[in-house]
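See below for coords38.txt, which holds compact mmCIF, C-alpha atoms and all ligand atoms.
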# COMPACT_ATOMS: atom_id res chain seq x y z
CA MET A 1 93.27 112.01 97.36
CA ALA A 2 94.25 108.37 97.95
CA ARG A 3 91.56 106.09 99.34
CA VAL A 4 92.48 105.14 102.85
CA LYS A 5 90.51 102.67 104.97
CA ALA A 6 89.78 104.25 108.32
CA LEU A 7 90.88 102.96 111.69
CA VAL A 8 89.01 103.55 114.95
CA ALA A 9 91.36 102.83 117.83
CA GLY A 10 90.58 102.79 121.54
CA ASN A 11 93.30 103.78 123.98
CA TRP A 12 92.28 102.58 127.43
CA LYS A 13 95.25 104.34 129.05
CA MET A 14 95.73 103.22 132.70
CA ASN A 15 92.20 101.86 132.96
CA GLY A 16 90.75 98.39 132.93
CA GLU A 17 90.80 95.18 134.90
CA LYS A 18 89.88 91.61 134.11
CA ALA A 19 86.21 92.59 134.47
CA SER A 20 86.61 94.91 131.44
CA LYS A 21 86.45 91.80 129.29
CA LYS A 22 82.67 92.10 129.32
CA GLU A 23 82.88 95.43 127.44
CA VAL A 24 85.05 93.80 124.79
CA THR A 25 82.66 90.87 124.49
CA ALA A 26 79.76 93.32 124.10
CA LEU A 27 81.65 95.14 121.35
CA VAL A 28 82.41 91.89 119.54
CA ARG A 29 78.66 91.17 119.55
CA LYS A 30 77.82 94.61 118.16
CA LEU A 31 80.36 94.17 115.35
CA ALA A 32 79.20 90.69 114.39
CA GLY A 33 77.69 90.63 110.93
CA LYS A 34 78.39 94.31 110.21
CA LYS A 35 79.98 93.55 106.86
CA LYS A 36 79.56 97.08 105.57
CA LEU A 37 81.62 98.65 108.31
CA ALA A 38 84.11 100.90 106.50
CA CYS A 39 86.76 100.98 109.21
CA ASP A 40 89.13 98.71 111.07
CA VAL A 41 88.79 98.52 114.84
CA LEU A 42 91.63 98.37 117.35
CA ILE A 43 91.69 98.19 121.15
CA CYS A 44 94.82 99.20 123.06
CA PRO A 45 94.33 97.98 126.64
CA PRO A 46 97.00 98.26 129.34
CA ALA A 47 99.75 95.68 128.87
CA THR A 48 98.35 93.55 131.72
CA LEU A 49 95.23 92.90 129.64
CA VAL A 50 96.63 92.41 126.12
CA GLY A 51 96.44 88.61 126.37
CA LEU A 52 92.97 88.58 127.94
CA VAL A 53 91.51 91.06 125.45
CA LYS A 54 93.11 89.15 122.58
CA GLU A 55 91.22 86.07 123.79
CA ALA A 56 87.99 88.05 124.04
CA VAL A 57 88.18 89.28 120.41
CA ARG A 58 88.97 85.87 118.96
CA GLY A 59 86.86 85.24 115.85
CA SER A 60 86.18 88.97 115.35
CA LYS A 61 88.10 91.46 113.25
CA ILE A 62 89.12 93.59 116.22
CA ALA A 63 92.88 94.04 116.49
CA ILE A 64 94.85 94.57 119.70
CA GLY A 65 97.62 97.04 120.41
CA GLY A 66 99.94 98.16 123.18
CA GLN A 67 100.18 101.73 124.50
CA ASP A 68 103.96 102.05 124.55
CA CYS A 69 107.07 99.93 124.05
CA HIS A 70 110.76 100.09 124.87
CA ALA A 71 113.16 100.68 122.00
CA LYS A 72 115.22 97.57 122.80
CA GLU A 73 114.21 93.98 122.14
CA SER A 74 114.99 92.65 125.64
CA GLY A 75 117.34 93.17 128.54
CA ALA A 76 117.84 94.87 131.89
CA HIS A 77 115.06 97.49 131.73
CA THR A 78 112.92 96.92 134.79
CA GLY A 79 109.26 97.67 134.26
CA ASP A 80 109.52 98.10 130.51
CA ILE A 81 107.93 96.03 127.77
CA SER A 82 109.37 95.47 124.31
CA ALA A 83 107.56 95.55 120.99
CA GLU A 84 108.49 91.89 120.56
CA MET A 85 106.78 91.05 123.87
CA LEU A 86 103.62 92.85 122.77
CA LYS A 87 103.68 90.97 119.49
CA ASP A 88 104.12 87.70 121.38
CA ALA A 89 101.08 88.56 123.52
CA GLY A 90 98.93 89.03 120.41
CA ALA A 91 99.30 92.73 119.57
CA THR A 92 99.54 93.96 115.99
CA HIS A 93 99.87 97.67 116.82
CA VAL A 94 101.50 99.88 119.42
CA ILE A 95 100.92 103.53 120.27
CA VAL A 96 104.17 105.50 120.62
CA GLY A 97 104.76 109.09 121.67
CA HIS A 98 101.38 109.73 123.23
CA SER A 99 101.41 113.22 124.75
CA GLU A 100 100.91 111.69 128.21
CA ARG A 101 104.13 109.73 127.78
CA ARG A 102 105.93 112.73 126.33
CA ALA A 103 104.81 114.74 129.38
CA ASP A 104 104.96 112.12 132.16
CA HIS A 105 108.14 110.38 131.03
CA GLY A 106 109.94 113.13 129.16
CA GLU A 107 109.90 111.24 125.88
CA THR A 108 111.63 113.21 123.15
CA ASP A 109 110.98 112.97 119.41
CA ALA A 110 114.18 110.89 119.11
CA ALA A 111 112.95 108.46 121.79
CA VAL A 112 109.57 108.19 120.05
CA ARG A 113 111.28 107.53 116.74
CA ALA A 114 113.37 104.75 118.33
CA LYS A 115 110.18 103.20 119.70
CA ALA A 116 108.49 103.39 116.29
CA GLU A 117 111.55 101.68 114.79
CA ALA A 118 111.30 99.01 117.47
CA ALA A 119 107.65 98.47 116.55
CA HIS A 120 108.62 98.00 112.91
CA ARG A 121 111.45 95.64 113.86
CA ALA A 122 108.93 93.50 115.74
CA GLY A 123 106.42 93.57 112.88
CA LEU A 124 103.96 95.89 114.64
CA THR A 125 102.24 98.93 113.19
CA ALA A 126 103.34 102.05 115.07
CA ILE A 127 100.71 104.68 115.90
CA VAL A 128 102.84 107.79 116.25
CA CYS A 129 101.17 110.61 118.20
CA VAL A 130 101.72 114.32 117.72
CA GLY A 131 99.88 117.35 119.06
CA GLU A 132 100.32 120.90 120.28
CA THR A 133 99.72 122.20 123.79
CA GLU A 134 97.24 124.98 124.45
CA ALA A 135 100.05 127.51 124.90
CA GLU A 136 101.57 126.52 121.56
CA ARG A 137 98.17 126.85 119.93
CA ASP A 138 97.57 130.26 121.46
CA ALA A 139 100.97 131.36 120.19
CA GLY A 140 99.95 130.37 116.66
CA ALA A 141 102.63 127.68 116.61
CA THR A 142 100.44 124.62 115.97
CA LEU A 143 101.69 123.74 112.49
CA LYS A 144 105.29 124.47 113.37
CA VAL A 145 105.09 122.14 116.38
CA ILE A 146 103.37 119.36 114.44
CA ARG A 147 105.86 119.52 111.55
CA SER A 148 108.77 119.38 113.94
CA GLN A 149 107.30 116.43 115.88
CA LEU A 150 106.67 114.53 112.66
CA LYS A 151 110.17 115.22 111.41
CA GLY A 152 111.76 113.96 114.61
CA SER A 153 109.41 111.11 115.49
CA LEU A 154 108.89 109.26 112.21
CA PRO A 155 111.39 106.64 111.05
CA ASP A 156 112.71 107.05 107.48
CA ALA A 157 111.38 103.59 106.65
CA ALA A 158 107.79 104.44 107.62
CA ALA A 159 105.21 103.07 105.19
CA ALA A 160 101.42 103.12 105.05
CA LYS A 161 101.05 99.56 106.37
CA THR A 162 103.49 100.02 109.24
CA THR A 163 102.78 103.53 110.41
CA VAL A 164 99.72 105.50 111.49
CA ILE A 165 99.78 109.13 112.60
CA ALA A 166 97.51 110.32 115.40
CA TYR A 167 96.94 114.06 115.72
CA GLU A 168 95.89 114.74 119.29
CA PRO A 169 95.84 118.37 120.41
CA VAL A 170 96.92 118.13 124.06
CA TRP A 171 94.26 120.66 125.15
CA ALA A 172 91.51 118.50 123.64
CA ILE A 173 92.45 115.30 125.47
CA GLY A 174 89.97 114.42 128.20
CA THR A 175 88.60 117.95 128.30
CA GLY A 176 85.43 117.68 126.22
CA ARG A 177 86.84 120.43 123.99
CA THR A 178 87.61 119.78 120.34
CA PRO A 179 89.03 121.89 117.55
CA THR A 180 86.54 123.01 114.89
CA PRO A 181 86.30 120.79 111.81
CA GLU A 182 88.07 123.61 109.94
CA ASP A 183 90.98 123.54 112.37
CA VAL A 184 91.20 119.75 112.15
CA ALA A 185 91.14 119.99 108.35
CA ARG A 186 93.97 122.53 108.36
CA VAL A 187 96.23 120.43 110.59
CA HIS A 188 95.47 117.14 108.85
CA ALA A 189 96.15 118.72 105.45
CA ALA A 190 99.49 119.98 106.74
CA ILE A 191 100.32 116.52 108.07
CA ARG A 192 99.40 114.96 104.72
CA ASN A 193 101.70 117.42 102.96
CA VAL A 194 104.58 116.50 105.24
CA LEU A 195 103.94 112.77 104.72
CA GLU A 196 103.73 113.07 100.94
CA ALA A 197 106.84 115.21 100.74
CA ARG A 198 108.85 112.69 102.77
CA PHE A 199 107.31 109.31 101.87
CA GLY A 200 105.75 109.94 98.43
CA ALA A 201 102.94 107.52 97.52
CA GLU A 202 103.24 105.81 100.91
CA GLY A 203 102.66 109.15 102.60
CA ALA A 204 99.50 109.65 100.54
CA LYS A 205 98.10 106.37 101.93
CA MET A 206 99.18 106.70 105.54
CA ARG A 207 96.31 106.92 108.00
CA ILE A 208 95.98 110.12 109.96
CA LEU A 209 93.74 109.71 113.02
CA TYR A 210 92.21 112.51 115.03
CA GLY A 211 92.18 112.13 118.82
CA GLY A 212 90.95 114.31 121.69
CA SER A 213 87.42 114.17 123.16
CA VAL A 214 85.96 112.10 120.33
CA LYS A 215 82.45 111.04 121.42
CA PRO A 216 79.47 109.41 119.71
CA ALA A 217 77.92 112.89 119.40
CA ASN A 218 80.81 114.45 117.45
CA ALA A 219 82.33 111.42 115.69
CA LYS A 220 80.42 111.74 112.43
CA GLU A 221 81.33 115.39 111.98
CA LEU A 222 85.01 114.89 112.84
CA MET A 223 85.37 111.71 110.78
CA ALA A 224 83.94 113.50 107.72
CA VAL A 225 86.80 116.02 107.69
CA PRO A 226 89.16 115.58 104.71
CA ASN A 227 92.34 113.65 105.60
CA VAL A 228 90.81 112.32 108.82
CA ASN A 229 91.18 108.56 108.46
CA GLY A 230 89.76 107.51 111.79
CA ALA A 231 90.00 108.26 115.48
CA LEU A 232 92.14 107.56 118.51
CA VAL A 233 89.65 107.44 121.36
CA GLY A 234 90.41 107.61 125.08
CA GLY A 235 87.58 107.82 127.61
CA ALA A 236 84.81 106.89 125.19
CA SER A 237 86.56 103.62 124.26
CA LEU A 238 86.10 102.14 127.74
CA LYS A 239 82.40 101.37 127.36
CA ALA A 240 81.20 99.23 124.47
CA ASP A 241 78.14 101.42 123.89
CA ASP A 242 80.16 104.63 123.58
CA PHE A 243 82.91 103.08 121.48
CA TRP A 244 80.33 101.51 119.22
CA GLY A 245 78.65 104.91 118.91
CA ILE A 246 81.90 106.24 117.45
CA ILE A 247 82.63 103.22 115.24
CA SER A 248 79.09 103.60 113.85
CA ALA A 249 80.21 106.77 112.08
CA TYR A 250 81.59 104.33 109.50
CA LEU A 251 78.45 102.20 109.08
P1 LIG A 301 90.04 111.30 125.20
O1 LIG A 301 89.26 110.64 124.08
O2 LIG A 301 89.66 110.76 126.54
O3 LIG A 301 89.99 112.79 125.10
O4 LIG A 301 91.57 110.87 124.99
C1 LIG A 301 92.15 111.01 123.76
C2 LIG A 301 93.45 110.31 123.77
O5 LIG A 301 94.41 110.76 124.39
C3 LIG A 301 93.55 109.03 123.04
O6 LIG A 301 94.87 108.62 122.93
Using the file provided, produce a representation of the structure as structure tokens.
Amino acid sequence: MARVKALVAGNWKMNGEKASKKEVTALVRKLAGKKKLACDVLICPPATLVGLVKEAVRGSKIAIGGQDCHAKESGAHTGDISAEMLKDAGATHVIVGHSERRADHGETDAAVRAKAEAAHRAGLTAIVCVGETEAERDAGATLKVIRSQLKGSLPDAAAAKTTVIAYEPVWAIGTGRTPTPEDVARVHAAIRNVLEARFGAEGAKMRILYGGSVKPANAKELMAVPNVNGALVGGASLKADDFWGIISAYL
């Protein structure tokens, strides 16, 4: 198995105001001097806060990402934000195809792929999300769904430095429920197989994050699962203490 440095990423979703800067500052303090930390750390605040949070992490190793981008570089797309604009604001990453965007905005695999390509065009790392619904899981269709989402959502040019996969079972997001480590292992192994078959050595090195109700109490167990190369954290990334509790799995 290729050695892959883990990534712990916080997705703030539609949460956070200027006052949230104090949580970021607290996290920067906790990270200071932790040279042995075996993971990278990323915060994806809402677009309104990318600049502010970037300022707050200055001098630390914390990276900043967006939560979505438009496929085009610029133009008449009211309310949208391009990958280039995120990059200009200080982002190095962008989440694309989160299940909430697939559900709320009807984003298809093809749309997600176009957004991932836009991220690459702008020089951002794309965090491409996949995950089955509860009904799909109950129907025994988890692996079929994941394989199909990966096939449709990943650009052909995806490489380990430019692309991260996040496996987020929809039924585990914000519910406090998580799959068993065995279930996570099964899905992540299937994802790794797909990545290696399509991208060869790059696929072996690509990070595969787990997301869905990751908390300080379960982070160590989930992060120890083979082919889990970090976490995409929602609710527990909003408070420095909780997020640090998850990051500490890699101390
Ligand atoms: P929760 O950690 O709140 O379950 O959210 C997971 C998620 O959707 C991260 O993108």
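Minimum distance to A:Glu168 across A:Val130, A:Val187, A:Ala197, A:Val41 (counting all atoms listed in the file) occurs at A:Val130.
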Can you tell me which residues surround stretch 162-164 of chain A at a distance of at most 12 Å, considering all atoms listed in the file, apart from same-chain residues fewer than 6 positions away, and format the answer as an MDAnalysis selection string?
chainID A and resid 4:9 92:97 113 115:130 150 153:156 191:192 195 199 202:210 228:232
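Residue nearest ligand LIG 301 (chain A) within the list A:Ile43, A:Ala201, A:Val214, A:Ile81: A:Val214 [criterion: smallest interatomic distance, only C-alpha atoms and all ligand atoms].
With atom CA of A:His70 on one side and atom CA of A:Glu107 on the other, the separation reads 11.2 Å.
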task: Check every protein, DNA and RNA residue against ligand LIG 301 (chain A), keep those with an atom at most 6 Å away (counting all atoms listed in the file), and present them as a PyMOL selection string.
output: chain A and resi 11+173-174+211-214+232-236
* Asked: At a cut-off of 8 Å from (92.9, 92.8, 136.6) in the coordinates of the file, what residues are picked up using only C-alpha atoms, written as a ChimeraX atom specification?
  -> /A:16-19,48-49
What would stretch 125-136 of chain A look like with all heavy atoms restored, written as a PDB file, in the frame of the given file?
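Output contents, as saved in selection_6.pdb:
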ATOM      1  N   THR A 125     102.536  97.610 113.736  1.00  0.00           N
ATOM      2  CA  THR A 125     102.240  98.930 113.190  1.00  0.00           C
ATOM      3  C   THR A 125     102.376  99.954 114.319  1.00  0.00           C
ATOM      4  O   THR A 125     101.794  99.784 115.390  1.00  0.00           O
ATOM      5  CB  THR A 125     100.805  98.967 112.627  1.00  0.00           C
ATOM      6  OG1 THR A 125     100.747  98.065 111.517  1.00  0.00           O
ATOM      7  CG2 THR A 125     100.423 100.361 112.163  1.00  0.00           C
ATOM      8  N   ALA A 126     103.144 100.999 114.067  1.00  0.00           N
ATOM      9  CA  ALA A 126     103.340 102.050 115.070  1.00  0.00           C
ATOM     10  C   ALA A 126     102.299 103.155 114.866  1.00  0.00           C
ATOM     11  O   ALA A 126     102.121 103.636 113.740  1.00  0.00           O
ATOM     12  CB  ALA A 126     104.739 102.632 114.945  1.00  0.00           C
ATOM     13  N   ILE A 127     101.619 103.524 115.942  1.00  0.00           N
ATOM     14  CA  ILE A 127     100.710 104.680 115.900  1.00  0.00           C
ATOM     15  C   ILE A 127     101.455 105.825 116.570  1.00  0.00           C
ATOM     16  O   ILE A 127     101.612 105.850 117.795  1.00  0.00           O
ATOM     17  CB  ILE A 127      99.389 104.374 116.621  1.00  0.00           C
ATOM     18  CG1 ILE A 127      98.714 103.166 115.962  1.00  0.00           C
ATOM     19  CG2 ILE A 127      98.466 105.604 116.604  1.00  0.00           C
ATOM     20  CD1 ILE A 127      97.427 102.721 116.647  1.00  0.00           C
ATOM     21  N   VAL A 128     101.971 106.723 115.752  1.00  0.00           N
ATOM     22  CA  VAL A 128     102.840 107.790 116.250  1.00  0.00           C
ATOM     23  C   VAL A 128     101.999 109.036 116.531  1.00  0.00           C
ATOM     24  O   VAL A 128     101.353 109.573 115.634  1.00  0.00           O
ATOM     25  CB  VAL A 128     103.944 108.112 115.215  1.00  0.00           C
ATOM     26  CG1 VAL A 128     104.857 109.213 115.728  1.00  0.00           C
ATOM     27  CG2 VAL A 128     104.739 106.859 114.866  1.00  0.00           C
ATOM     28  N   CYS A 129     102.016 109.485 117.798  1.00  0.00           N
ATOM     29  CA  CYS A 129     101.170 110.610 118.200  1.00  0.00           C
ATOM     30  C   CYS A 129     101.917 111.943 118.159  1.00  0.00           C
ATOM     31  O   CYS A 129     103.080 112.022 118.567  1.00  0.00           O
ATOM     32  CB  CYS A 129     100.650 110.396 119.616  1.00  0.00           C
ATOM     33  SG  CYS A 129      99.736 108.867 119.832  1.00  0.00           S
ATOM     34  N   VAL A 130     101.204 112.948 117.696  1.00  0.00           N
ATOM     35  CA  VAL A 130     101.720 114.320 117.720  1.00  0.00           C
ATOM     36  C   VAL A 130     100.582 115.237 118.190  1.00  0.00           C
ATOM     37  O   VAL A 130      99.409 114.858 118.112  1.00  0.00           O
ATOM     38  CB  VAL A 130     102.214 114.784 116.332  1.00  0.00           C
ATOM     39  CG1 VAL A 130     103.411 113.960 115.881  1.00  0.00           C
ATOM     40  CG2 VAL A 130     101.089 114.715 115.288  1.00  0.00           C
ATOM     41  N   GLY A 131     100.926 116.415 118.650  1.00  0.00           N
ATOM     42  CA  GLY A 131      99.880 117.350 119.060  1.00  0.00           C
ATOM     43  C   GLY A 131     100.466 118.523 119.812  1.00  0.00           C
ATOM     44  O   GLY A 131     101.447 118.375 120.540  1.00  0.00           O
ATOM     45  N   GLU A 132      99.835 119.680 119.647  1.00  0.00           N
ATOM     46  CA  GLU A 132     100.320 120.900 120.280  1.00  0.00           C
ATOM     47  C   GLU A 132      99.643 121.126 121.637  1.00  0.00           C
ATOM     48  O   GLU A 132      98.511 120.685 121.842  1.00  0.00           O
ATOM     49  CB  GLU A 132     100.092 122.111 119.360  1.00  0.00           C
ATOM     50  CG  GLU A 132      98.695 122.730 119.416  1.00  0.00           C
ATOM     51  CD  GLU A 132      97.627 121.908 118.708  1.00  0.00           C
ATOM     52  OE1 GLU A 132      97.932 120.824 118.196  1.00  0.00           O
ATOM     53  OE2 GLU A 132      96.463 122.366 118.685  1.00  0.00           O
ATOM     54  N   THR A 133     100.321 121.814 122.519  1.00  0.00           N
ATOM     55  CA  THR A 133      99.720 122.200 123.790  1.00  0.00           C
ATOM     56  C   THR A 133      98.839 123.447 123.562  1.00  0.00           C
ATOM     57  O   THR A 133      98.905 124.082 122.498  1.00  0.00           O
ATOM     58  CB  THR A 133     100.782 122.571 124.836  1.00  0.00           C
ATOM     59  OG1 THR A 133     101.503 123.712 124.352  1.00  0.00           O
ATOM     60  CG2 THR A 133     101.764 121.430 125.086  1.00  0.00           C
ATOM     61  N   GLU A 134      98.097 123.796 124.579  1.00  0.00           N
ATOM     62  CA  GLU A 134      97.240 124.980 124.450  1.00  0.00           C
ATOM     63  C   GLU A 134      98.081 126.248 124.265  1.00  0.00           C
ATOM     64  O   GLU A 134      97.748 127.122 123.455  1.00  0.00           O
ATOM     65  CB  GLU A 134      96.330 125.113 125.663  1.00  0.00           C
ATOM     66  CG  GLU A 134      95.374 126.277 125.541  1.00  0.00           C
ATOM     67  CD  GLU A 134      94.052 126.005 126.227  1.00  0.00           C
ATOM     68  OE1 GLU A 134      94.078 125.424 127.329  1.00  0.00           O
ATOM     69  OE2 GLU A 134      93.011 126.373 125.663  1.00  0.00           O
ATOM     70  N   ALA A 135      99.196 126.324 125.006  1.00  0.00           N
ATOM     71  CA  ALA A 135     100.050 127.510 124.900  1.00  0.00           C
ATOM     72  C   ALA A 135     100.628 127.637 123.492  1.00  0.00           C
ATOM     73  O   ALA A 135     100.697 128.739 122.924  1.00  0.00           O
ATOM     74  CB  ALA A 135     101.178 127.440 125.934  1.00  0.00           C
ATOM     75  N   GLU A 136     101.022 126.506 122.931  1.00  0.00           N
ATOM     76  CA  GLU A 136     101.570 126.520 121.560  1.00  0.00           C
ATOM     77  C   GLU A 136     100.483 126.946 120.563  1.00  0.00           C
ATOM     78  O   GLU A 136     100.744 127.701 119.622  1.00  0.00           O
ATOM     79  CB  GLU A 136     102.124 125.140 121.209  1.00  0.00           C
ATOM     80  CG  GLU A 136     103.428 124.837 121.955  1.00  0.00           C
ATOM     81  CD  GLU A 136     103.823 123.366 121.972  1.00  0.00           C
ATOM     82  OE1 GLU A 136     102.975 122.484 121.699  1.00  0.00           O
ATOM     83  OE2 GLU A 136     104.986 123.085 122.293  1.00  0.00           O
TER      84      GLU A 136
END
